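Heads up, the thing below is written out as structure tokens.
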Amino acid sequence: MFNSDVYKARRQKLMSSLKDGLVLIPGNIELPFNYKSNTFPFRQDSTFLYYIGLDEPNLFAVLDCNSGNEYLFGNDLTMDDIIWTGSLPSTSEKAAMAGISNAKNTNELSAFVKNHTGKKHFIKPYIGNIAILIADLLGVKTSQLEELQSIDFIRAASEMRKIKEAVEIEEIEKSVNLTCDLHNFVMKWAGNAEEYYTERDVVGEIYKIAAGKGYFTSFPPIVTIHGEIQHNHSYNENLKKGRLLLVDAGAETSSHYAGDMTRTIPLGGKFSKRQKDIYDIVVKANWGIVDSAKPGVLWTELHNRAARIITSGLKDLGLMKGDTDDIVTCGAYALFFPHGLGHMIGLDVHDMENYGEDLIGYDESHKRSEMFGPNCLRYGLELRENMVMSDEPGIYFIPQLIDMWQQQGKFKDFIDYDRVKKYKDFGGVRLEDDILITANGSRVLGKGVAKNSKDVELYIAPEDDKKIDKKGKK
Ligand SMILES: [Mn+2]
């Protein structure tokens, strides 16, 4: 964790923005996967990590905005516990690490909260047991938590968390570097792998690096020769030479900041002409965003910029036709690019998604698009200095969607279905990097992974490493 001053300053800022009432910040608990003592790896709640920093289960923080007093509730270990866990810091020692001066036993929490008659700020929990706890503390039903949650707390916390502090950027860059390590390993390994290996073997290598050198992966990896299936977690296909393997994976270091990158690897080491044509359009779209991202620019505009680059590339190949601006306005490109350009990254790989995408990514004057494709965009506001975003355009050929749109005659003036149908066995390409918004532009975080088609082929082949451009654009 960072120095306690970091957390103290964040809590001060939160309390002065909320002004009134108690702020309830529950830490996470251990979750069983088949019986109580057999648990998933513990992952602390990100709001708790941000304001308190302590990375242990069964803690609960309360901030009193009126008095400025801060409390940490926890259970000190009994001898029965120590036999199993060894001795661990007491609750007051943990409180001191977070810069909190009042430590209390968990059995005092209920009376403490119930005796306070003022406003209570909390964010709707995503874990059932914590929802039950909060509902009990407030004397309400769990079904009421959504309407009772504090929008002020959500707005204040997301305003703080979306702009990364220097210490956070340093941690994110470490996570992105570990993410680069795993992609560099996987690109070479899978690019040269024999066909009896499967997607699952690649996943095993990803877990080995992410869990061995960091905390874990920041989300379940997507590793698939069917890149057109957006969240494919089956991992059963063989690594067939000539196919493209889409690998969307990220590492989380022990500070719990996330990295999130995607590379699309030609199995066997060489792109076919048809693959390279599509791949190079996605490279162009990916770099197009790096070049134009800067403070003040709307993320929706950058989504449209990626859509324009993809559209004009597909027009060059004869798969689309007509006016590029018309195509972007009506959303015909979403046949090939049916998701959003990218999302905020921080303590969560989709940062603060538990606060509600519309609450953190949109506001009164920026409403979410209702159009298929851009309606998936998780952020629709302006970029600001020191935000971290994923830049992840893609082109996919989804056979069922192509058939459906053709049958409906949808956008037939813009899409050449006879040609598109020949790509139904193609799969998909996505390229994703994590970018920091700087004062005047943006910077790709991390040490880099080959991206341009020539560099990818060079890297997979027994290479002269010095020739490969992992940061540049040529
Ligand atoms: Mn992503």
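Residue numbers start at 1 in each chain; chains themselves are named A, B, ... in the order of the structure tokens; ligands are numbered from 1 in the order shown.
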Every residue of range 98-245 of chain A that DSSP places in helix (DSSP H, G or I), as a PyMOL selection string: chain A and resi 106-114+128-138+142-148+151-162+166-192+199-213
Looking only at strand (DSSP E) from DSSP on the backbone, list the matching residues of range 232-296 of chain A as a PyMOL selection string. chain A and resi 244-249+251-252+261-266
List as a ChimeraX atom specification the protein and nucleic acid residues lying within 8 Å of ligand 1, with only C-alpha atoms and all ligand atoms counted. /A:248,260-262,342-343,349-350,390-392,432
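Residue neighbourhood of Val223 in chain A, excluding near-sequence residues (fewer than 6 positions): Glu199, Arg200, Val202, Val203, His231, Asn232, His233, Ser234, Tyr235, Leu245, Leu246, Val247, Asp248 and Ala249 of chain A, at 9 Å, using only C-alpha atoms.
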Take the residues from that selection and write them out as a PDB file, in the first residue's frame, keeping N, CA and C atoms.
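Below you can see again-v6.pdb, which holds the result:
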```
ATOM      1  N   GLU A 199      -6.017 -23.623 -26.992  1.00  0.00           N
ATOM      2  CA  GLU A 199      -6.151 -22.284 -26.394  1.00  0.00           C
ATOM      3  C   GLU A 199      -5.889 -22.354 -24.889  1.00  0.00           C
ATOM      4  N   ARG A 200      -6.292 -23.467 -24.287  1.00  0.00           N
ATOM      5  CA  ARG A 200      -6.117 -23.623 -22.831  1.00  0.00           C
ATOM      6  C   ARG A 200      -4.631 -23.607 -22.428  1.00  0.00           C
ATOM      7  N   VAL A 202      -2.399 -21.827 -23.797  1.00  0.00           N
ATOM      8  CA  VAL A 202      -2.021 -20.406 -23.791  1.00  0.00           C
ATOM      9  C   VAL A 202      -2.503 -19.755 -22.491  1.00  0.00           C
ATOM     10  N   VAL A 203      -3.724 -20.101 -22.098  1.00  0.00           N
ATOM     11  CA  VAL A 203      -4.286 -19.539 -20.860  1.00  0.00           C
ATOM     12  C   VAL A 203      -3.399 -19.929 -19.671  1.00  0.00           C
ATOM     13  N   HIS A 231     -16.595 -12.590 -25.975  1.00  0.00           N
ATOM     14  CA  HIS A 231     -16.079 -13.060 -24.683  1.00  0.00           C
ATOM     15  C   HIS A 231     -16.026 -14.581 -24.681  1.00  0.00           C
ATOM     16  N   ASN A 232     -15.077 -15.134 -25.408  1.00  0.00           N
ATOM     17  CA  ASN A 232     -15.007 -16.587 -25.537  1.00  0.00           C
ATOM     18  C   ASN A 232     -14.106 -17.162 -24.443  1.00  0.00           C
ATOM     19  N   HIS A 233     -14.693 -17.907 -23.518  1.00  0.00           N
ATOM     20  CA  HIS A 233     -13.912 -18.472 -22.419  1.00  0.00           C
ATOM     21  C   HIS A 233     -13.892 -20.001 -22.455  1.00  0.00           C
ATOM     22  N   SER A 234     -14.102 -20.605 -23.631  1.00  0.00           N
ATOM     23  CA  SER A 234     -14.158 -22.074 -23.634  1.00  0.00           C
ATOM     24  C   SER A 234     -12.766 -22.706 -23.775  1.00  0.00           C
ATOM     25  N   TYR A 235     -11.863 -22.079 -24.483  1.00  0.00           N
ATOM     26  CA  TYR A 235     -10.438 -22.470 -24.565  1.00  0.00           C
ATOM     27  C   TYR A 235     -10.181 -23.889 -25.102  1.00  0.00           C
ATOM     28  N   LEU A 245      -5.096 -15.995 -33.676  1.00  0.00           N
ATOM     29  CA  LEU A 245      -5.442 -16.229 -32.275  1.00  0.00           C
ATOM     30  C   LEU A 245      -5.579 -14.874 -31.578  1.00  0.00           C
ATOM     31  N   LEU A 246      -6.783 -14.581 -31.115  1.00  0.00           N
ATOM     32  CA  LEU A 246      -6.991 -13.307 -30.407  1.00  0.00           C
ATOM     33  C   LEU A 246      -6.746 -13.537 -28.910  1.00  0.00           C
ATOM     34  N   VAL A 247      -5.833 -12.749 -28.353  1.00  0.00           N
ATOM     35  CA  VAL A 247      -5.488 -12.871 -26.931  1.00  0.00           C
ATOM     36  C   VAL A 247      -5.736 -11.525 -26.257  1.00  0.00           C
ATOM     37  N   ASP A 248      -6.779 -11.472 -25.441  1.00  0.00           N
ATOM     38  CA  ASP A 248      -7.114 -10.251 -24.677  1.00  0.00           C
ATOM     39  C   ASP A 248      -6.896 -10.613 -23.215  1.00  0.00           C
ATOM     40  N   ALA A 249      -5.802 -10.110 -22.645  1.00  0.00           N
ATOM     41  CA  ALA A 249      -5.441 -10.524 -21.285  1.00  0.00           C
ATOM     42  C   ALA A 249      -4.683  -9.414 -20.588  1.00  0.00           C
TER      43      ALA A 249
END
```
Would you mind listing what lies within 8 Å of Gly346 in chain A as an mmCIF file with C-alpha atoms, in the first residue's frame, with only C-alpha atoms counted and same-chain residues fewer than 3 positions away left out?
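Saved file part_13.cif follows:
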```
data_model
loop_
_atom_site.group_PDB
_atom_site.id
_atom_site.type_symbol
_atom_site.label_atom_id
_atom_site.label_comp_id
_atom_site.auth_asym_id
_atom_site.auth_seq_id
_atom_site.Cartn_x
_atom_site.Cartn_y
_atom_site.Cartn_z
ATOM 1 C CA ARG A 161 -10.609 7.948 -9.142
ATOM 2 C CA LYS A 162 -10.858 8.783 -12.849
ATOM 3 C CA LYS A 164 -4.905 9.183 -11.641
ATOM 4 C CA ILE A 172 -0.544 1.097 -13.531
ATOM 5 C CA TYR A 257 -3.951 -1.820 -10.540
ATOM 6 C CA ALA A 258 -4.861 -3.432 -13.842
ATOM 7 C CA VAL A 349 -9.909 -3.300 -15.356
ATOM 8 C CA HIS A 350 -13.214 -1.622 -16.292
ATOM 9 C CA ASP A 351 -12.607 1.081 -13.754
ATOM 10 C CA VAL A 388 -5.944 6.019 -18.334
#
```
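Within the 8 Å cut-off around Tyr7 in chain A, using only C-alpha atoms and omitting residues fewer than 6 positions from it on the same chain, the listed residues are Tyr50, Tyr51, Ile52, Gly53, Ala98 and Gly99 of chain A.
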Keeping C-alpha atoms, export the residues of the selection given above as a PDB file, in the first residue's frame.
```pdb
ATOM      1  CA  TYR A  50      -8.602   3.479  -2.861  1.00  0.00           C
ATOM      2  CA  TYR A  51      -9.621   5.133   0.408  1.00  0.00           C
ATOM      3  CA  ILE A  52      -8.177   2.757   3.022  1.00  0.00           C
ATOM      4  CA  GLY A  53      -5.476   0.705   1.251  1.00  0.00           C
ATOM      5  CA  ALA A  98      -4.146   3.541   6.868  1.00  0.00           C
ATOM      6  CA  GLY A  99      -3.791   6.711   8.978  1.00  0.00           C
TER       7      GLY A  99
END
```
Nearest to Asn177 in chain A: which of A:Asp64, A:Asp358, A:Asp433, A:Glu195 is it, counting only C-alpha atoms?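 Closest residue, counting only C-alpha atoms: A:Asp433.
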For each of A:Val328, A:Asp348, A:Lys188, A:Ala131, take the minimum atom-to-atom distance to Thr217 in chain A, counting only C-alpha atoms, then give the residue where this is smallest. A:Asp348
Skipping near chain neighbours, those fewer than 2 positions away, what residues fall within 12 Å of range 457-463 of chain A using only C-alpha atoms, listed as a ChimeraX atom specification? /A:183-193,264-272,276,449-455,465-470
Write the residues of the selection above to a file with C-alpha atoms, as a PDB file, in the first residue's frame.
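Just written: selection36.pdb:
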```pdb
ATOM      1  CA  HIS A 183       1.840 -10.931 -24.278  1.00  0.00           C
ATOM      2  CA  ASN A 184       5.454 -11.031 -25.457  1.00  0.00           C
ATOM      3  CA  PHE A 185       5.788 -14.571 -24.151  1.00  0.00           C
ATOM      4  CA  VAL A 186       2.460 -15.735 -25.545  1.00  0.00           C
ATOM      5  CA  MET A 187       2.968 -14.169 -28.998  1.00  0.00           C
ATOM      6  CA  LYS A 188       6.208 -16.043 -29.544  1.00  0.00           C
ATOM      7  CA  TRP A 189       5.054 -19.262 -27.901  1.00  0.00           C
ATOM      8  CA  ALA A 190       1.647 -19.526 -29.572  1.00  0.00           C
ATOM      9  CA  GLY A 191       2.979 -18.215 -32.888  1.00  0.00           C
ATOM     10  CA  ASN A 192       5.363 -21.195 -33.016  1.00  0.00           C
ATOM     11  CA  ALA A 193       3.216 -23.773 -31.162  1.00  0.00           C
ATOM     12  CA  THR A 264      -3.991 -10.968 -32.504  1.00  0.00           C
ATOM     13  CA  ILE A 265      -1.377 -13.558 -33.404  1.00  0.00           C
ATOM     14  CA  PRO A 266      -0.954 -15.321 -36.762  1.00  0.00           C
ATOM     15  CA  LEU A 267      -0.587 -18.998 -35.802  1.00  0.00           C
ATOM     16  CA  GLY A 268       2.370 -20.427 -37.674  1.00  0.00           C
ATOM     17  CA  GLY A 269       3.973 -16.980 -37.742  1.00  0.00           C
ATOM     18  CA  LYS A 270       2.795 -15.440 -41.034  1.00  0.00           C
ATOM     19  CA  PHE A 271      -0.294 -13.441 -41.918  1.00  0.00           C
ATOM     20  CA  SER A 272      -2.084 -14.441 -45.120  1.00  0.00           C
ATOM     21  CA  LYS A 276      -2.881  -8.784 -43.200  1.00  0.00           C
ATOM     22  CA  VAL A 449       4.564  -5.604 -27.593  1.00  0.00           C
ATOM     23  CA  ALA A 450       5.034  -5.928 -31.354  1.00  0.00           C
ATOM     24  CA  LYS A 451       1.919  -4.600 -33.078  1.00  0.00           C
ATOM     25  CA  ASN A 452       2.542  -3.754 -36.723  1.00  0.00           C
ATOM     26  CA  SER A 453       2.149  -6.853 -38.908  1.00  0.00           C
ATOM     27  CA  LYS A 454       5.789  -6.831 -40.039  1.00  0.00           C
ATOM     28  CA  ASP A 455       7.034  -6.578 -36.432  1.00  0.00           C
ATOM     29  CA  ASP A 465      15.238  -8.468 -31.568  1.00  0.00           C
ATOM     30  CA  LYS A 466      16.845  -5.121 -32.360  1.00  0.00           C
ATOM     31  CA  LYS A 467      14.871  -4.809 -35.599  1.00  0.00           C
ATOM     32  CA  ILE A 468      11.504  -5.001 -33.888  1.00  0.00           C
ATOM     33  CA  ASP A 469       9.718  -1.806 -33.146  1.00  0.00           C
ATOM     34  CA  LYS A 470       7.643  -2.337 -30.012  1.00  0.00           C
TER      35      LYS A 470
END
```
Hey, can you check how far CA of Lys294 in chain A sits from CA of Leu436 in chain A?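 Straight-line distance from CA of Lys294 in chain A to CA of Leu436 in chain A works out to 9.2 Å.
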Per residue of range 77-177 of chain A within 12 Å of range 373-387 of chain A, note the shortest atom pair and the distance in Å to one decimal, counting only C-alpha atoms, and order the rows by chain and increasing residue number, as a Markdown table.
```
| residue | atom | partner | partner_atom | distance |
| --- | --- | --- | --- | --- |
| A:Ser158 | CA | A:Met387 | CA | 11.6 |
| A:Glu159 | CA | A:Met387 | CA | 10.8 |
| A:Met160 | CA | A:Met387 | CA | 10.6 |
| A:Arg161 | CA | A:Met387 | CA | 9.0 |
| A:Lys162 | CA | A:Met387 | CA | 5.9 |
| A:Ile163 | CA | A:Met387 | CA | 5.0 |
| A:Lys164 | CA | A:Asn386 | CA | 5.3 |
| A:Glu165 | CA | A:Asn386 | CA | 7.4 |
| A:Ala166 | CA | A:Asn386 | CA | 8.4 |
| A:Val167 | CA | A:Asn386 | CA | 11.4 |
| A:Glu168 | CA | A:Asn386 | CA | 9.8 |
| A:Ile169 | CA | A:Asn386 | CA | 8.0 |
| A:Glu170 | CA | A:Asn386 | CA | 11.5 |
| A:Ile172 | CA | A:Met387 | CA | 11.2 |
```
Store the residues of this selection in a file with N, CA and C atoms, as a PDB file, in the first residue's frame.
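After the write, again-v9.pdb holds the following:
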```
ATOM      1  N   SER A 158     -15.976   8.775  -8.138  1.00  0.00           N
ATOM      2  CA  SER A 158     -15.555   8.566  -9.527  1.00  0.00           C
ATOM      3  C   SER A 158     -14.796   9.785 -10.048  1.00  0.00           C
ATOM      4  N   GLU A 159     -15.179  10.967  -9.591  1.00  0.00           N
ATOM      5  CA  GLU A 159     -14.455  12.181  -9.976  1.00  0.00           C
ATOM      6  C   GLU A 159     -12.991  12.082  -9.513  1.00  0.00           C
ATOM      7  N   MET A 160     -12.781  11.543  -8.315  1.00  0.00           N
ATOM      8  CA  MET A 160     -11.414  11.408  -7.810  1.00  0.00           C
ATOM      9  C   MET A 160     -10.671  10.281  -8.518  1.00  0.00           C
ATOM     10  N   ARG A 161     -11.323   9.134  -8.641  1.00  0.00           N
ATOM     11  CA  ARG A 161     -10.609   7.948  -9.142  1.00  0.00           C
ATOM     12  C   ARG A 161     -10.309   8.017 -10.636  1.00  0.00           C
ATOM     13  N   LYS A 162     -11.115   8.781 -11.398  1.00  0.00           N
ATOM     14  CA  LYS A 162     -10.858   8.783 -12.849  1.00  0.00           C
ATOM     15  C   LYS A 162      -9.574   9.541 -13.190  1.00  0.00           C
ATOM     16  N   ILE A 163      -9.192  10.513 -12.368  1.00  0.00           N
ATOM     17  CA  ILE A 163      -7.945  11.246 -12.602  1.00  0.00           C
ATOM     18  C   ILE A 163      -6.860  10.595 -11.747  1.00  0.00           C
ATOM     19  N   LYS A 164      -5.893   9.970 -12.393  1.00  0.00           N
ATOM     20  CA  LYS A 164      -4.905   9.183 -11.641  1.00  0.00           C
ATOM     21  C   LYS A 164      -3.794  10.073 -11.064  1.00  0.00           C
ATOM     22  N   GLU A 165      -3.453   9.774  -9.811  1.00  0.00           N
ATOM     23  CA  GLU A 165      -2.333  10.462  -9.169  1.00  0.00           C
ATOM     24  C   GLU A 165      -1.022   9.868  -9.691  1.00  0.00           C
ATOM     25  N   ALA A 166       0.075  10.609  -9.477  1.00  0.00           N
ATOM     26  CA  ALA A 166       1.374  10.137  -9.980  1.00  0.00           C
ATOM     27  C   ALA A 166       1.717   8.754  -9.424  1.00  0.00           C
ATOM     28  N   VAL A 167       1.424   8.515  -8.140  1.00  0.00           N
ATOM     29  CA  VAL A 167       1.742   7.202  -7.558  1.00  0.00           C
ATOM     30  C   VAL A 167       0.915   6.097  -8.209  1.00  0.00           C
ATOM     31  N   GLU A 168      -0.274   6.444  -8.645  1.00  0.00           N
ATOM     32  CA  GLU A 168      -1.122   5.432  -9.297  1.00  0.00           C
ATOM     33  C   GLU A 168      -0.619   5.122 -10.710  1.00  0.00           C
ATOM     34  N   ILE A 169      -0.215   6.168 -11.427  1.00  0.00           N
ATOM     35  CA  ILE A 169       0.261   5.965 -12.799  1.00  0.00           C
ATOM     36  C   ILE A 169       1.485   5.041 -12.781  1.00  0.00           C
ATOM     37  N   GLU A 170       2.319   5.245 -11.780  1.00  0.00           N
ATOM     38  CA  GLU A 170       3.498   4.379 -11.631  1.00  0.00           C
ATOM     39  C   GLU A 170       3.077   2.909 -11.443  1.00  0.00           C
ATOM     40  N   ILE A 172       0.121   1.590 -12.315  1.00  0.00           N
ATOM     41  CA  ILE A 172      -0.544   1.097 -13.531  1.00  0.00           C
ATOM     42  C   ILE A 172       0.518   0.699 -14.551  1.00  0.00           C
TER      43      ILE A 172
END
```
Using only C-alpha atoms, which protein or nucleic acid residues come within 12 Å of Ile309 in chain A? Drop anything in the same chain fewer than 4 positions from it, and give the result as a PyMOL selection string. chain A and resi 278+280-289+302-305+313-316+324-325+327-328+333+337+393-395
